[in-house]
$ cat structure_37.cif   # mmCIF, C-alpha atoms
data_final
#
loop_
_atom_site.label_atom_id
_atom_site.label_comp_id
_atom_site.auth_asym_id
_atom_site.auth_seq_id
_atom_site.Cartn_x
_atom_site.Cartn_y
_atom_site.Cartn_z
CA MET A 1 86.78 145.03 -44.57
CA SER A 2 85.52 148.41 -43.44
CA ILE A 3 82.37 150.09 -42.22
CA ARG A 4 81.63 153.70 -43.13
CA GLU A 5 79.07 156.28 -42.12
CA SER A 6 78.68 159.44 -44.23
CA GLY A 7 81.99 158.67 -45.93
CA GLN A 8 83.89 158.42 -42.63
CA LYS A 9 85.54 155.07 -41.87
CA ILE A 10 84.31 154.02 -38.42
CA CYS A 11 85.75 150.50 -38.38
CA SER A 12 88.36 148.70 -40.44
CA ARG A 13 90.39 145.55 -40.56
CA ASP A 14 93.10 144.76 -43.08
CA ARG A 15 95.96 142.31 -43.40
CA PHE A 16 98.43 144.70 -41.77
CA ALA A 17 96.38 145.56 -38.68
CA LYS A 18 97.08 143.69 -35.45
CA ALA A 19 93.60 144.47 -34.13
CA PRO A 20 90.42 146.00 -35.56
CA LYS A 21 90.18 149.77 -35.44
CA PHE A 22 86.87 151.27 -34.42
CA VAL A 23 85.18 154.38 -33.04
CA GLU A 24 82.40 154.93 -30.53
CA LEU A 25 78.97 155.72 -31.99
CA ALA A 26 76.23 157.74 -30.38
CA PRO A 27 72.88 156.00 -29.78
CA GLY A 28 70.32 156.43 -32.56
CA PHE A 29 69.97 155.71 -36.27
CA HIS A 30 73.06 155.29 -38.44
CA ASP A 31 73.19 154.85 -42.24
CA MET A 32 76.17 152.52 -42.74
CA GLU A 33 78.06 151.12 -45.68
CA PHE A 34 79.72 147.71 -45.28
CA VAL A 35 82.65 147.17 -47.68
CA VAL A 36 85.07 144.38 -48.65
CA ILE A 37 87.95 145.32 -50.95
CA ARG A 38 90.01 142.67 -52.73
CA PHE A 39 93.23 144.36 -53.85
CA ARG A 40 94.59 141.44 -55.88
CA ALA A 41 91.33 140.70 -57.66
CA SER A 42 90.42 144.40 -58.03
CA ARG A 43 86.88 143.69 -56.91
CA THR A 44 84.82 145.29 -54.21
CA SER A 45 81.50 144.39 -52.68
CA SER A 46 79.44 146.70 -50.53
CA PHE A 47 75.93 147.30 -49.25
CA ARG A 48 74.15 149.90 -47.12
CA ARG A 49 72.02 149.29 -44.08
CA ALA A 50 70.32 151.59 -41.59
CA VAL A 51 71.07 150.52 -38.02
CA GLU A 52 69.48 151.73 -34.79
CA LEU A 53 71.77 151.56 -31.77
CA PRO A 54 70.18 151.78 -28.31
CA GLU A 55 72.12 153.37 -25.45
CA GLY A 56 75.08 151.18 -24.43
CA ALA A 57 74.66 148.74 -27.35
CA VAL A 58 77.52 147.39 -29.48
CA LEU A 59 77.33 146.81 -33.23
CA VAL A 60 79.06 143.59 -34.36
CA ALA A 61 79.86 143.06 -38.07
CA LEU A 62 81.81 140.10 -39.46
CA CYS A 63 82.53 139.14 -43.04
CA ASP A 64 83.52 135.61 -44.04
CA PRO A 65 86.41 134.98 -44.20
CA VAL A 66 87.26 136.75 -40.96
CA GLN A 67 91.03 136.29 -41.33
CA PRO A 68 92.45 139.20 -43.37
CA ASN A 69 95.33 137.09 -44.75
CA THR A 70 92.95 134.54 -46.26
CA PHE A 71 92.45 134.69 -50.01
CA TYR A 72 89.07 136.29 -50.58
CA ARG A 73 86.65 134.64 -52.95
CA LYS A 74 86.75 135.93 -56.50
CA SER A 75 83.01 136.47 -56.58
CA ARG A 76 81.61 139.28 -54.51
CA ALA A 77 78.19 137.59 -54.80
CA VAL A 78 79.28 134.99 -52.23
CA ASP A 79 80.40 137.38 -49.46
CA SER A 80 78.81 136.31 -46.17
CA TRP A 81 78.13 138.96 -43.54
CA PHE A 82 76.83 138.69 -39.98
CA ILE A 83 75.54 141.94 -38.50
CA GLY A 84 74.13 142.06 -35.00
CA ILE A 85 73.61 144.36 -32.05
CA LEU A 86 74.60 143.37 -28.53
CA SER A 87 72.42 145.04 -25.93
CA ALA A 88 73.83 146.73 -22.86
CA PRO A 89 73.76 144.49 -19.79
CA GLU A 90 70.75 144.95 -17.55
CA LYS A 91 71.36 146.63 -14.21
CA CYS A 92 70.45 144.61 -11.12
#
$ encode --input "structure_37.cif" --output "structure tokens"
Amino acid sequence: MSIRESGQKICSRDRFAKAPKFVELAPGFHDMEFVVIRFRASRTSSFRRAVELPEGAVLVALCDPVQPNTFYRKSRAVDSWFIGILSAPEKC
């Protein structure tokens, strides 16, 4: 699983990584590509989405299955994604 912006990989997770790798994004609009690559099945699924990140927010993206060592479904049509934005905590 990876997330790219303008061809640059900004987040990735594969079966060899011990933890997700990610980068910090500036607030504002981002045109992102969400990708799942299945090496054994030689199939890839991807889609693009524009995301607006407010100051201090965190983008969360998960693809089912979350575990990288799990056998991915053969059909890319059944990939399940959750994409959300966590707002910065309010100051008291």
$ resolve_selection --input "structure_37.cif" --expression "the PyMOL selection byres ((chain A and resi 24-34) around 8)" --output "number ranges by chain"
A: 1-6, 22-23, 35-36, 46-57
$ atom_distance --input "structure_37.cif" --atom1 "atom CA of A:Lys9" --atom2 "atom CA of A:Ile83"
16.8 Å
$ atom_distance --input "structure_37.cif" --atom1 "atom CA of A:Ala61" --atom2 "atom CA of A:Ile37"
15.4 Å
$ atom_distance --input "structure_37.cif" --atom1 "atom CA of A:Val58" --atom2 "atom CA of A:Ala88"
7.6 Å
$ build_atoms --input "structure_37.cif" --residues "stretch 40-63 of chain A" --atoms "N, CA, C and O atoms" --output "PDB file, in the frame of the given file"
ATOM      1  N   ARG A  40      94.029 142.265 -54.811  1.00  0.00           N
ATOM      2  CA  ARG A  40      94.590 141.440 -55.880  1.00  0.00           C
ATOM      3  C   ARG A  40      93.586 141.202 -57.000  1.00  0.00           C
ATOM      4  O   ARG A  40      93.935 141.153 -58.159  1.00  0.00           O
ATOM      5  N   ALA A  41      92.351 140.999 -56.653  1.00  0.00           N
ATOM      6  CA  ALA A  41      91.330 140.700 -57.660  1.00  0.00           C
ATOM      7  C   ALA A  41      90.675 141.971 -58.202  1.00  0.00           C
ATOM      8  O   ALA A  41      89.887 141.903 -59.121  1.00  0.00           O
ATOM      9  N   SER A  42      91.004 143.118 -57.619  1.00  0.00           N
ATOM     10  CA  SER A  42      90.420 144.400 -58.030  1.00  0.00           C
ATOM     11  C   SER A  42      88.898 144.365 -58.042  1.00  0.00           C
ATOM     12  O   SER A  42      88.257 144.859 -58.960  1.00  0.00           O
ATOM     13  N   ARG A  43      88.342 143.752 -57.031  1.00  0.00           N
ATOM     14  CA  ARG A  43      86.880 143.690 -56.910  1.00  0.00           C
ATOM     15  C   ARG A  43      86.479 144.141 -55.524  1.00  0.00           C
ATOM     16  O   ARG A  43      87.149 143.860 -54.554  1.00  0.00           O
ATOM     17  N   THR A  44      85.349 144.795 -55.481  1.00  0.00           N
ATOM     18  CA  THR A  44      84.820 145.290 -54.210  1.00  0.00           C
ATOM     19  C   THR A  44      83.358 144.911 -54.115  1.00  0.00           C
ATOM     20  O   THR A  44      82.649 144.917 -55.107  1.00  0.00           O
ATOM     21  N   SER A  45      82.934 144.575 -52.911  1.00  0.00           N
ATOM     22  CA  SER A  45      81.500 144.390 -52.680  1.00  0.00           C
ATOM     23  C   SER A  45      81.110 145.308 -51.530  1.00  0.00           C
ATOM     24  O   SER A  45      81.897 145.560 -50.618  1.00  0.00           O
ATOM     25  N   SER A  46      79.898 145.822 -51.599  1.00  0.00           N
ATOM     26  CA  SER A  46      79.440 146.700 -50.530  1.00  0.00           C
ATOM     27  C   SER A  46      77.916 146.713 -50.517  1.00  0.00           C
ATOM     28  O   SER A  46      77.268 146.382 -51.501  1.00  0.00           O
ATOM     29  N   PHE A  47      77.373 147.090 -49.363  1.00  0.00           N
ATOM     30  CA  PHE A  47      75.930 147.300 -49.250  1.00  0.00           C
ATOM     31  C   PHE A  47      75.697 148.297 -48.131  1.00  0.00           C
ATOM     32  O   PHE A  47      76.567 148.526 -47.288  1.00  0.00           O
ATOM     33  N   ARG A  48      74.533 148.916 -48.140  1.00  0.00           N
ATOM     34  CA  ARG A  48      74.150 149.900 -47.120  1.00  0.00           C
ATOM     35  C   ARG A  48      73.059 149.312 -46.251  1.00  0.00           C
ATOM     36  O   ARG A  48      72.211 148.564 -46.734  1.00  0.00           O
ATOM     37  N   ARG A  49      73.076 149.701 -44.990  1.00  0.00           N
ATOM     38  CA  ARG A  49      72.020 149.290 -44.080  1.00  0.00           C
ATOM     39  C   ARG A  49      71.856 150.350 -43.001  1.00  0.00           C
ATOM     40  O   ARG A  49      72.837 150.846 -42.456  1.00  0.00           O
ATOM     41  N   ALA A  50      70.611 150.687 -42.700  1.00  0.00           N
ATOM     42  CA  ALA A  50      70.320 151.590 -41.590  1.00  0.00           C
ATOM     43  C   ALA A  50      70.291 150.755 -40.315  1.00  0.00           C
ATOM     44  O   ALA A  50      69.691 149.677 -40.285  1.00  0.00           O
ATOM     45  N   VAL A  51      70.968 151.231 -39.286  1.00  0.00           N
ATOM     46  CA  VAL A  51      71.070 150.520 -38.020  1.00  0.00           C
ATOM     47  C   VAL A  51      70.657 151.451 -36.895  1.00  0.00           C
ATOM     48  O   VAL A  51      71.068 152.609 -36.866  1.00  0.00           O
ATOM     49  N   GLU A  52      69.839 150.943 -35.976  1.00  0.00           N
ATOM     50  CA  GLU A  52      69.480 151.730 -34.790  1.00  0.00           C
ATOM     51  C   GLU A  52      70.222 151.147 -33.592  1.00  0.00           C
ATOM     52  O   GLU A  52      70.075 149.974 -33.272  1.00  0.00           O
ATOM     53  N   LEU A  53      71.009 151.993 -32.937  1.00  0.00           N
ATOM     54  CA  LEU A  53      71.770 151.560 -31.770  1.00  0.00           C
ATOM     55  C   LEU A  53      71.156 152.145 -30.502  1.00  0.00           C
ATOM     56  O   LEU A  53      71.130 153.358 -30.324  1.00  0.00           O
ATOM     57  N   PRO A  54      70.656 151.284 -29.606  1.00  0.00           N
ATOM     58  CA  PRO A  54      70.180 151.780 -28.310  1.00  0.00           C
ATOM     59  C   PRO A  54      71.366 152.214 -27.437  1.00  0.00           C
ATOM     60  O   PRO A  54      72.516 151.874 -27.722  1.00  0.00           O
ATOM     61  N   GLU A  55      71.092 152.930 -26.400  1.00  0.00           N
ATOM     62  CA  GLU A  55      72.120 153.370 -25.450  1.00  0.00           C
ATOM     63  C   GLU A  55      72.893 152.171 -24.911  1.00  0.00           C
ATOM     64  O   GLU A  55      72.313 151.182 -24.486  1.00  0.00           O
ATOM     65  N   GLY A  56      74.220 152.225 -24.979  1.00  0.00           N
ATOM     66  CA  GLY A  56      75.080 151.180 -24.430  1.00  0.00           C
ATOM     67  C   GLY A  56      75.231 149.939 -25.306  1.00  0.00           C
ATOM     68  O   GLY A  56      75.938 149.015 -24.939  1.00  0.00           O
ATOM     69  N   ALA A  57      74.592 149.905 -26.476  1.00  0.00           N
ATOM     70  CA  ALA A  57      74.660 148.740 -27.350  1.00  0.00           C
ATOM     71  C   ALA A  57      75.960 148.741 -28.157  1.00  0.00           C
ATOM     72  O   ALA A  57      76.604 149.774 -28.333  1.00  0.00           O
ATOM     73  N   VAL A  58      76.315 147.558 -28.663  1.00  0.00           N
ATOM     74  CA  VAL A  58      77.520 147.390 -29.480  1.00  0.00           C
ATOM     75  C   VAL A  58      77.125 146.756 -30.804  1.00  0.00           C
ATOM     76  O   VAL A  58      76.440 145.735 -30.827  1.00  0.00           O
ATOM     77  N   LEU A  59      77.561 147.358 -31.907  1.00  0.00           N
ATOM     78  CA  LEU A  59      77.330 146.810 -33.230  1.00  0.00           C
ATOM     79  C   LEU A  59      78.449 145.820 -33.544  1.00  0.00           C
ATOM     80  O   LEU A  59      79.627 146.128 -33.375  1.00  0.00           O
ATOM     81  N   VAL A  60      78.088 144.611 -33.986  1.00  0.00           N
ATOM     82  CA  VAL A  60      79.060 143.590 -34.360  1.00  0.00           C
ATOM     83  C   VAL A  60      78.859 143.289 -35.843  1.00  0.00           C
ATOM     84  O   VAL A  60      77.738 142.998 -36.267  1.00  0.00           O
ATOM     85  N   ALA A  61      79.937 143.363 -36.636  1.00  0.00           N
ATOM     86  CA  ALA A  61      79.860 143.060 -38.070  1.00  0.00           C
ATOM     87  C   ALA A  61      81.052 142.187 -38.445  1.00  0.00           C
ATOM     88  O   ALA A  61      82.201 142.557 -38.208  1.00  0.00           O
ATOM     89  N   LEU A  62      80.768 141.019 -39.005  1.00  0.00           N
ATOM     90  CA  LEU A  62      81.810 140.100 -39.460  1.00  0.00           C
ATOM     91  C   LEU A  62      81.561 139.739 -40.910  1.00  0.00           C
ATOM     92  O   LEU A  62      80.419 139.587 -41.333  1.00  0.00           O
ATOM     93  N   CYS A  63      82.646 139.583 -41.656  1.00  0.00           N
ATOM     94  CA  CYS A  63      82.530 139.140 -43.040  1.00  0.00           C
ATOM     95  C   CYS A  63      83.369 137.878 -43.186  1.00  0.00           C
ATOM     96  O   CYS A  63      84.506 137.820 -42.713  1.00  0.00           O
TER      97      CYS A  63
END
